[in-house]
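Beneath this line is the structure, given in structure tokens, with notes to follow.
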Amino acid sequence: MSKRKNPHLQREKTEMNTAELLVKCLENEGVEYVFGLPGEENLEVLEALRNSSIKFITTRHEQGAAFMADVYGRLTGKAGVCLSTLGPGATNLMTGVADANLDGAPLIAITGQVGTDRMHIESHQYLDLVAMFAPVTKWNAQIVRPSTTAEIVRKAFKVAQSEKPGAVHIDLPENIAAMASEGHPLTKDNREKTFGAYQSLNKAAVAISKAKSPLLLVGNGTIRANASEALTQFATRLNIPVANTFMGKGVIPYTHPLALWTTGLQKRDYISCAFEETDLVIAVGYDLIEYSPKKWNPEGKIPIIHIGALPAEIDSSYIPLVEVVGDISDSLNEILQRADRMEKIDPFVKQLRADIRAGYEQYAADDGFPIKPQKLIYDLRQVMGPEDILISDVGAHKMWIARHYHCDRPNTCLISNGFAAMGIAIPGAVAAKLVYPDRKVVAATGDGGFMMNCQELETALRVGTNFVTLIFNDGGYGLIEWKQQDHFGHSDFVKFGNPDFVKFAESMGLKGYRVEAATDFIPILKEALAQDVPCVIDCPVDYRENARFSQLSGDMSCNL
């Protein structure tokens, strides 16, 4: 009796299957990397990738793969691609997918799935992934006919990369993946720019010309639109100060005399005074998810001009006088030609900026240990160049980075502030280094966030991405402790133990460093950035500054 041969090994390569067509479509979209994990239900896709120009990056967890695709998309504007198997692989992928979707980063998530012959019954590891991913994506679909593959892939990239960018999910059952498929990748369409209506441009110009103390509030949409140069020219010519959201850092050089740095701390800060003094907020590329208007316009009384690629979202605290919808650079340039503002920089703005800078500079010579977060970030800024990239994880350190790490250029400090998922920094740094191998990259993370995806440091070593991970070590979930202290005057359930991070790094073949004095940090950072392997710096941080900042923000007045 002869043994039955494996049909996959027996198949002659005289025809293309669905998985191979899928991969050809990915190549046609210019995909460089697919981040993910192998599984039984995505074997056909992996085999197709084996013979592809696309590099598959094997990660240690699906969440890490999605975060890599997320940051790749945010830095390049091209959809990052991640791959998982079905069931637990797909559920692991979801956090990074949701992060990309709310942060406006283009991403394509591809999941393996049971065969269509198993979906009508209870089946091992089967979940309805199309239903599951629907709330965290812009669009998703299952490939149930091989002939629809090219259309689904082309639509996926078009939807993911269209404003506002986000995540799209494609589900591929294993039997469909192996089926013969005819077809070819579809031609990419050229998206035409849209422009603001003349009536809206004129209304905006009149309102800006009449305003006594206008304020620009700039978000990540301005960076996505590559409108930083137009925004800087607009602010400079009209003498309008600029505040950026967490995700709008670098949209105007932080050294510019009109730059009021970052808003969004949800605490009273210097920048709060600018919102209290303004008689017109010009929101450019601003997304409500970055910083709720109820925080800076609680009574809805501040007049607003909305300038963006999309119409304004509905919010009782964000009702624009006029909406200028279209290409942001063009809108700013057209309004600039129509507006008439001869005012010099407001003395109030000069004083406010001076106070903001003084607060920043006061920690330059601080030698306390554990190191104050303000000092740590100040020194980090001195070492990093204008094009180098900082990826911030989520935690108390994120708030300090938002307040104290300032940028000359867009996309040089990446903060997740839509979904704000812990664990993004290390996988995000892998992607950043792949995109920009010649730039210095630092992943800034708390010890809590570090332990969520530290396994991806092995991925970093394997694929040759030599970045530095800086751990703000306080032995707990510092941001939650901060909020508990503010709300209740005490904290609970936030402390934990840590491994020896230096030995941890060394056990993985990395370089590990421990900061033991404030003067240690800059020399250690410079040495770490010069290594040809990933490095980990364990730095104790003094988060007593959190309570101090809460006290100062509560006492601060705007009598400048």
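In the structure tokens, chains take the letters A, B, ... in the order shown, each chain's residues start at 1, and ligands count up from 1 in the order shown.
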
If you take only C-alpha atoms and a cut-off of 10 Å, which residues of stretch 121-224 of chain A touch stretch 314-323 of chain A, and what are their nearest atom pairs and distances in Å to one decimal, in chain and number order, as a Markdown table?
| residue | atom | partner | partner_atom | distance |
| --- | --- | --- | --- | --- |
| A:Gly196 | CA | A:Glu323 | CA | 8.7 |
| A:Ala197 | CA | A:Glu323 | CA | 9.3 |
| A:Gln199 | CA | A:Val322 | CA | 9.5 |
| A:Ser200 | CA | A:Val322 | CA | 6.3 |
| A:Leu201 | CA | A:Glu323 | CA | 8.6 |
| A:Asn202 | CA | A:Val322 | CA | 9.7 |
| A:Lys203 | CA | A:Val322 | CA | 6.8 |
| A:Ala204 | CA | A:Val322 | CA | 6.4 |
| A:Ala207 | CA | A:Leu321 | CA | 8.7 |

Could you write those residues out with C-alpha atoms, as a compact mmCIF listing (two decimals), in the first residue's frame?
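selection.txt, written as the output of this step:
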# COMPACT_ATOMS: atom_id res chain seq x y z
CA GLY A 196 -9.96 75.02 0.16
CA ALA A 197 -12.97 76.91 -1.16
CA GLN A 199 -15.23 81.63 0.37
CA SER A 200 -13.72 79.72 3.30
CA LEU A 201 -10.24 81.08 2.60
CA ASN A 202 -11.57 84.63 2.54
CA LYS A 203 -13.55 84.20 5.77
CA ALA A 204 -10.51 82.73 7.52
CA ALA A 207 -11.05 86.56 11.02

Picked from stretch 206-406 of chain A by DSSP as alpha helix (DSSP H), as JSON, numbers by chain: {"A": [206, 207, 208, 209, 210, 220, 221, 222, 223, 224, 228, 229, 230, 231, 232, 233, 234, 235, 236, 237, 238, 270, 271, 272, 273, 274, 275, 276, 277, 293, 294, 295, 296, 328, 329, 330, 331, 332, 333, 334, 335, 336, 337, 338, 347, 348, 349, 350, 351, 352, 353, 354, 355, 356, 357, 358, 359, 360, 361, 373, 374, 375, 376, 377, 378, 379, 380, 381, 382, 383, 396, 397, 398, 399, 400, 401, 402, 403, 404]}

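From atom CA of A:Leu49 back to atom CA of A:Val34, the distance works out to 8.8 Å.
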
Near stretch 89-101 of chain A, counting only C-alpha atoms, which residues have an atom at most 10 Å away, once you skip same-chain residues fewer than 5 positions from it, shown as a short mmCIF file (atom, residue, chain, number, x, y, z; two decimals) with C-alpha atoms, in the first residue's frame?
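Result file is part.cif:
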data_model
loop_
_atom_site.label_atom_id
_atom_site.label_comp_id
_atom_site.auth_asym_id
_atom_site.auth_seq_id
_atom_site.Cartn_x
_atom_site.Cartn_y
_atom_site.Cartn_z
CA GLY A 36 5.21 39.01 11.94
CA LEU A 37 5.25 35.45 13.19
CA PRO A 38 4.92 32.19 11.30
CA GLY A 39 1.92 29.95 11.89
CA HIS A 61 5.39 38.65 19.65
CA GLU A 62 2.62 39.75 17.30
CA GLN A 63 2.13 42.97 19.24
CA GLY A 64 5.73 43.88 18.48
CA ALA A 65 5.12 43.17 14.78
CA ALA A 66 2.10 45.49 14.71
CA PHE A 67 3.98 48.26 16.53
CA MET A 68 6.82 47.98 14.01
CA ALA A 69 4.35 48.32 11.13
CA ASP A 70 2.67 51.19 13.00
CA VAL A 71 5.84 53.25 13.38
CA GLY A 73 3.77 53.79 8.55
CA ARG A 74 3.97 56.93 10.66
CA GLY A 80 3.49 49.18 7.24
CA CYS A 82 2.24 42.95 9.73
CA LEU A 83 1.30 39.27 9.58
CA SER A 84 -0.07 36.82 12.10
CA PRO A 106 -1.20 53.62 7.74
CA LEU A 107 -1.01 49.89 8.45
CA ILE A 108 -2.09 46.65 6.78
CA ALA A 109 -2.67 43.66 9.08
CA ILE A 110 -2.87 40.25 7.40
CA THR A 111 -4.15 37.29 9.40
CA GLY A 112 -4.24 33.61 8.63
CA GLN A 113 -7.54 31.84 9.15
CA GLN A 125 -8.60 28.46 17.30
CA LEU A 127 -12.61 33.37 15.75
CA LEU A 129 -11.56 37.93 12.81
CA MET A 132 -13.17 41.27 15.76
CA PHE A 133 -10.98 43.72 13.83
CA PRO A 135 -13.83 48.30 15.58
CA VAL A 136 -10.06 48.93 15.36
CA THR A 137 -9.70 49.40 11.60
CA LYS A 138 -10.87 51.76 8.86
CA ALA A 160 -5.04 52.84 4.86
CA LYS A 164 -6.89 60.28 7.88
CA PRO A 165 -4.58 57.26 7.60
CA GLY A 166 -5.20 54.20 9.71
CA ALA A 167 -5.30 50.43 9.89
CA VAL A 168 -6.86 47.95 7.46
CA HIS A 169 -7.19 44.21 7.99
CA ASP A 171 -8.14 37.87 6.55
CA SER A 416 1.54 57.65 20.71
CA ASN A 417 -1.24 59.89 21.96
CA GLY A 418 -4.29 58.51 20.17
CA PHE A 419 -4.44 54.98 21.54
CA ALA A 420 -1.39 55.56 23.78
CA ALA A 421 -0.37 51.92 24.09
CA MET A 422 2.39 50.82 26.44
CA GLY A 423 5.09 48.67 24.87
CA ILE A 424 5.48 50.62 21.61
#

Counting only C-alpha atoms, what are the residues of stretch 384-490 of chain A within 10 Å of stretch 352-363 of chain A, and for each of them which pair of atoms is the nearest and at what distance in Å, to one decimal? Sort the table by chain and rising number, as a Markdown table.
| residue | atom | partner | partner_atom | distance |
| --- | --- | --- | --- | --- |
| A:Arg403 | CA | A:Tyr360 | CA | 8.8 |
| A:His404 | CA | A:Tyr360 | CA | 6.6 |
| A:Tyr405 | CA | A:Tyr360 | CA | 9.4 |

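The nearest approach to A:Leu470 among the residues A:Trp400, A:Tyr198, A:Tyr378, A:Tyr513, with only C-alpha atoms taken into account, belongs to A:Tyr513.
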
A:Thr278 environment, 9 Å, only C-alpha atoms, sequence neighbours closer than 6 positions dropped, as a ChimeraX atom specification: /A:211-215,302

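Separating atom CA of A:Leu336 from atom CA of A:Glu163 is a distance of 23.9 Å.
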
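Contact shell of stretch 327-335 of chain A at 8 Å (only C-alpha atoms; same-chain neighbours under 3 positions omitted): A:Lys193, A:Thr194, A:Phe195, A:Gly196, A:Leu201, A:Asn202, A:Ala204, A:Ala205, A:Thr222, A:Ala225, A:Asn226, A:Ala227, A:Ala230, A:Leu231, A:Phe234, A:Val284, A:Gly285, A:Ile307, A:Gly308, A:Ala309, A:Val324, A:Arg338, A:Ala339.
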
Residue nearest A:Val435 among A:Asn411, A:Lys344, A:Ile471, A:Leu479 (counting only C-alpha atoms): A:Asn411

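Computed from the coordinates, the atom CA of A:Leu461 to atom CA of A:Met508 distance equals 8.5 Å.
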